[in-house]
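**Q** Let me give you the structure first, and then I'll get to my questions.
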Amino acid sequence: MSYCINPDCQNPQNLDRATACKSCESNLLLKGRYRVFHTLGQSLAGRTFLAVDEDQPAQPGCVIQQFCGAVRSIADGQHQFNRTFLGSASIIDKLGKHPQIPKLLASFEVEGCHYLVQEYIEGRNLADRLSEKGVFKEIHIWYLLSELLPVLEFVHENQLIHRDIKPSNIIHRKSSQTSAAIVGKEHLDSWEEESGLVLVDFGSAIAANSGSPKTETVTGSAEYAAPEQIKGQAIKSSDIYSLGVTCIHLLTGMSPFDLFDIKADTWAWRDYLKVPVSARLGRILDKMVEREPSKRYRSIEAILADMKYGPTPIEVIVSKPKLTLAVWGSAVVALISLVLGSRLPSTVPESLSSVEPASNIPEIRFDPPPMQNFSSEPSLSRPAVRTLAEQNKNPVWAVAVTPNGRVIVSGNDDGTIHLLHKRHGKVLKVLGGHLGPVWSVAVSPDGRTIASGGADGTIKLWNFYSGQLIRTLDGHTDGVFSVVFSPDGQALASVGKDNALKLWQVEGGAELQTLQGITDEVHSVAFSAYKDTLFAGKSDGTIEMWNWKTGAFQATLTGHVDAVSALAISPDGTILGSGGWDNTVRIWDITTEHGPEPVGEATFAGHTDRIQSVAFSPDGATLASADLSGTIKLWAMDGGEQGTLKGHSTWVELAFNPQDKTLISGSYDDTIKVWQLSP
């Protein structure tokens with residue numbers, strides 16, 4: 001259907017191929033080439049339309065912004081508006097060279113109205129995503145910030161203020177190169193089928209270097225606009241305010257008007273969260289939405305500095321080329337991962353729920369129900385989970401437990417390694433040496449040595465008893481994702497963001513070898529004593545088997561359809577557990593004559609987000625898995641799902657205590673939890 005864009009037309013709907021409006025007789029082909037289908041939005045500044053360019057053979061889609069009312073309301077006259085419009089169009093044309101900003105295709109004036117024609121970005125905006133899927137998870141907000149802050153920094157560096165940042169002006173670009181029909185196009189159902197956030201609608205943008213005289217015309221959406229912008233004096237940090245308000249709206253699903261307590265003169269957005277967010281994210285959002293500009297972040301650089309050491313979990317876990325993310329982190333991933341994927345809802349039992357406040361942990365005697373009753377017992381008379389809160393609001397990237405089961409080792413976002421008493425959570429030692437987040441920790445089988453891998457690209461070996469640094473292993477050219485000791489404790493395997501899988505001698509620190517022939521990024525590694533095997537989980541969904549002593553390739557395991565992000569070996573060395581970004585857990589018998597084979601019900605499905613960690617219980621009867629949304633699930637090797645543990649709000653790493661059946665979980669939500677799974 002053709003749409004008439006004459007502002008005074010009373011009946012703008014027309015037949016598909018009509019050339020003149022049946023109501024007002026206006027020309028339906030703007031400038032003789034652009035046919036408009038319908039409106040996409042309207043503001044005080046103007047209107048936005050979806051159109052096609054019939055002057056080109058493929059008739060590509062485009063977005064047209066019309067400014068008519070703005071011309072009539074300019075107090076300084078037509079000449080002033082023309083000069084401002086042409087200046088803004090010139091800057092928008094320059095901005096369009098950024099891959100996350102639509103290209104400017106044309107700018108012109110027709111019959112007293114000014115027009116901008118921009119590239120059509122196929123995808124769905126975040127307002128639609130919120131309406132369809134519900135509130136965003138914390139990992140999605142990390143992903144949003146990691147994607148958009150660099151874009152906004154680029155805009156500000158080019159001396160432009162957007163002035164209309166809101167969910168409907170942020171589009172998750174469709175990753176497929178095959179365009180769907182513009183009319184009646186259906187949106188994709190998951191974030192995994194989309195790629196990259198795009199900031200659109202620069203129709204309200206103004207130059208930031210022109211002194212920004214106070215204007216009489218209020219632009220942008222009042223719900224998201226900073227107080228000074230509503231008064232007609234927008235500054236660069238006004239965009240920061242709008243982005244912050246957008247984030248808390250997506251987290252709560254509530255109108256920003258309802259999230260501000262007028263009587264108390266403060267934001268009350270935390271009261272409307274379904275799941276608490278980490279203290280770190282909360283602090284960043286609070287400062288972004290300060291109503292007094294002097295208290296607010298004044299630059300994007302300052303926000304990125306508070307995101308600490310550059311990469312956040314999202315860049316780390318979303319480093320697969322197929323996702324084509326321009327990230328932080330990737331941070332979440334977690335993290336990420338925003339990342340990050342939103343999945344179709346499914347029914348999952350939620351038997352344990354815990355969001356304890358940070359506090360000193362008292363002595364607690366546990367009397368939980370048997371594990372098999374988790375799904376049928378929604379509440380417990382006594383808590384079966386403790387929160388170790390000695391992390392000083394420090395996101396946790398990795399956890400491990402010493403062989404004697406008494407000490408928890410955590411790798412933290414501030415570059416430190418904490419040794420905590422398992423029972424009361426007291427910090428026994430703090431090891432400092434990494435120049436960025438500690439992404440992985442492992443304890444040697446004899447309990448004497450701690451290995452840590454960091455975002456700074458180094459591996460460090462520490463004396464567990466003294467806390468002294470033994471040596472630093474240099475060899476990776478980028479951050480180290482994972483480190484793991486061989487069963488005999490004599491070797492160490494490491495995998496890095498540089499796609500290298502290396503083997504090291506623990507005694508002496510010599511690099512033994514870099515496994516050759518790996519063509520895809522490796523996300524996880526695990527040793528088995530059975531036939532000196534090393535398993536590597538890869539980004540293409542396969543798991544490779546290598547003899548780590550000879551460096552010989554043995555076999556490839558196929559089953560996952562997305563990256564294998566986590567691997568674990570059963571205590572007896574016979575079963576491999578794998579978790580993937582396809583939301584599934586798989587188990588493999590690695591002792592069969594013809595190589596590893598799936599075991600029984602080989603695939604466990606139940607997670608609604610990407611799996612980040614898996615761990616076997618000491619008796620090998622239970623496999624725990626955790627995803628990027630903070631959900632932990634328990635699987636019986638002989639009977640499927642046993643229960644769901646809820647308590648974290650984002651990315652989780654797991655480790656079982658080898659001396660009992662307590663499960664340790666460390667999360668990017670600043671907490672470490674101890675779950676008592678059975679008497």
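Simple scheme: letters A, B, ... for chains in structure tokens order, numbers from 1 for residues in each chain, numbers from 1 for ligands in the order shown.
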Neighbouring residues of Leu501 (chain A) were defined as those with any atom within 9 Å, considering only C-alpha atoms; residues of the same chain fewer than 4 positions away were excluded. Please report them as a compact mmCIF listing (two decimals) with N, CA, C and O atoms, in the first residue's frame.

**A**
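Produced file out28.txt, reproduced below:
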```txt
# COMPACT_ATOMS: atom_id res chain seq x y z
N ALA A 493 47.49 -27.54 30.91
CA ALA A 493 46.98 -27.17 29.59
C ALA A 493 46.34 -25.80 29.71
O ALA A 493 45.71 -25.47 30.71
N SER A 494 46.50 -25.00 28.66
CA SER A 494 45.89 -23.67 28.65
C SER A 494 45.34 -23.37 27.26
O SER A 494 45.89 -23.81 26.25
N VAL A 495 44.23 -22.64 27.22
CA VAL A 495 43.67 -22.21 25.96
C VAL A 495 43.41 -20.72 26.05
O VAL A 495 42.95 -20.22 27.09
N GLY A 496 43.72 -20.00 24.98
CA GLY A 496 43.62 -18.55 25.01
C GLY A 496 42.75 -17.98 23.93
O GLY A 496 42.31 -18.66 23.01
N GLN A 513 54.53 -27.91 24.31
CA GLN A 513 54.14 -27.85 22.90
C GLN A 513 52.87 -27.04 22.73
O GLN A 513 52.12 -26.81 23.69
N THR A 514 52.65 -26.60 21.51
CA THR A 514 51.38 -26.00 21.09
C THR A 514 50.77 -26.97 20.11
O THR A 514 51.39 -27.29 19.08
N LEU A 515 49.59 -27.50 20.42
CA LEU A 515 48.98 -28.51 19.56
C LEU A 515 48.69 -27.92 18.19
O LEU A 515 48.07 -26.86 18.06
N GLN A 516 49.13 -28.63 17.17
CA GLN A 516 49.01 -28.16 15.80
C GLN A 516 47.77 -28.76 15.13
O GLN A 516 47.34 -29.86 15.46
N ILE A 518 44.69 -27.32 14.95
CA ILE A 518 43.40 -26.81 15.43
C ILE A 518 42.99 -25.63 14.56
O ILE A 518 43.70 -24.62 14.49
N VAL A 522 39.15 -22.66 20.38
CA VAL A 522 38.91 -23.61 21.46
C VAL A 522 38.37 -22.86 22.66
O VAL A 522 38.94 -21.87 23.10
N VAL A 525 38.87 -27.00 27.82
CA VAL A 525 39.76 -28.16 27.78
C VAL A 525 39.56 -29.01 29.02
O VAL A 525 39.12 -28.52 30.06
N ALA A 536 39.31 -31.05 23.80
CA ALA A 536 39.21 -29.62 23.51
C ALA A 536 37.84 -29.32 22.90
O ALA A 536 37.48 -29.89 21.86
```

**Q** Rank nothing, just name the residue among A:Trp546, A:Trp504, A:Phe136, A:Trp142 nearest to Ser278 (chain A), using only C-alpha atoms.

**A**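 Looking at the shortest contact to Ser278 (chain A), the residue is A:Trp142.
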
**Q** Can you pull out the residues contacting Arg471 (chain A)? Cut-off 8 Å, using only C-alpha atoms, and skip same-chain residues under 3 positions away; I want them as a PyMOL selection string.

**A** chain A and resi 460-462+509

**Q** Nearest residue to Phe202 (chain A) out of A:Leu149, A:Ala264, A:Ile300, A:Val117, using only C-alpha atoms?

**A**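 Closest to Phe202 (chain A) of all the choices is A:Val117.
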
**Q** In Å, with one decimal, what is the gap from CA of Asp627 (chain A) to CA of Trp651 (chain A)?

**A**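 CA of Asp627 (chain A) sits 6.2 Å away from CA of Trp651 (chain A).
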
**Q** Quick check, in Å to one decimal: how far apart do CA of Phe485 (chain A) and CA of Pro403 (chain A) lie?

**A**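 A separation of 12.7 Å between them.
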
**Q** Write out as JSON, numbers by chain which residues come within 7 Å of Gln490 (chain A) when counting only C-alpha atoms, dropping same-chain ones fewer than 5 positions away.

**A** {"A": [505, 506, 507]}

**Q** Got time to write the residues from that selection, N, CA and C atoms, as a compact mmCIF listing (two decimals), in the first residue's frame?

**A**
```txt
# COMPACT_ATOMS: atom_id res chain seq x y z
N GLN A 505 55.04 -27.56 31.28
CA GLN A 505 55.60 -28.36 32.36
C GLN A 505 55.43 -27.57 33.65
N VAL A 506 54.79 -28.18 34.65
CA VAL A 506 54.55 -27.47 35.90
C VAL A 506 55.87 -27.22 36.63
N GLU A 507 56.71 -28.23 36.72
CA GLU A 507 58.01 -28.09 37.38
C GLU A 507 59.00 -27.47 36.39
```

**Q** Within 8 Å of region 553-559 of chain A, counting only C-alpha atoms, which residues show up once you throw out same-chain ones fewer than 2 positions away? Write them as JSON, numbers by chain, please.

**A** {"A": [541, 542, 543, 544, 545, 546, 547, 551, 561, 595, 596]}

**Q** My list of candidates is A:His434, A:His156, A:Ile569, A:Tyr272. Which is closest to Val484 (chain A) when distances are computed with only C-alpha atoms?

**A**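 Smallest distance to Val484 (chain A) is found for A:Ile569.
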
**Q** Measuring atom to atom with only C-alpha atoms, identify which of A:Gln56, A:Thr416, A:Ser528, A:Ser649 is nearest to Asp589 (chain A).

**A** A:Ser528
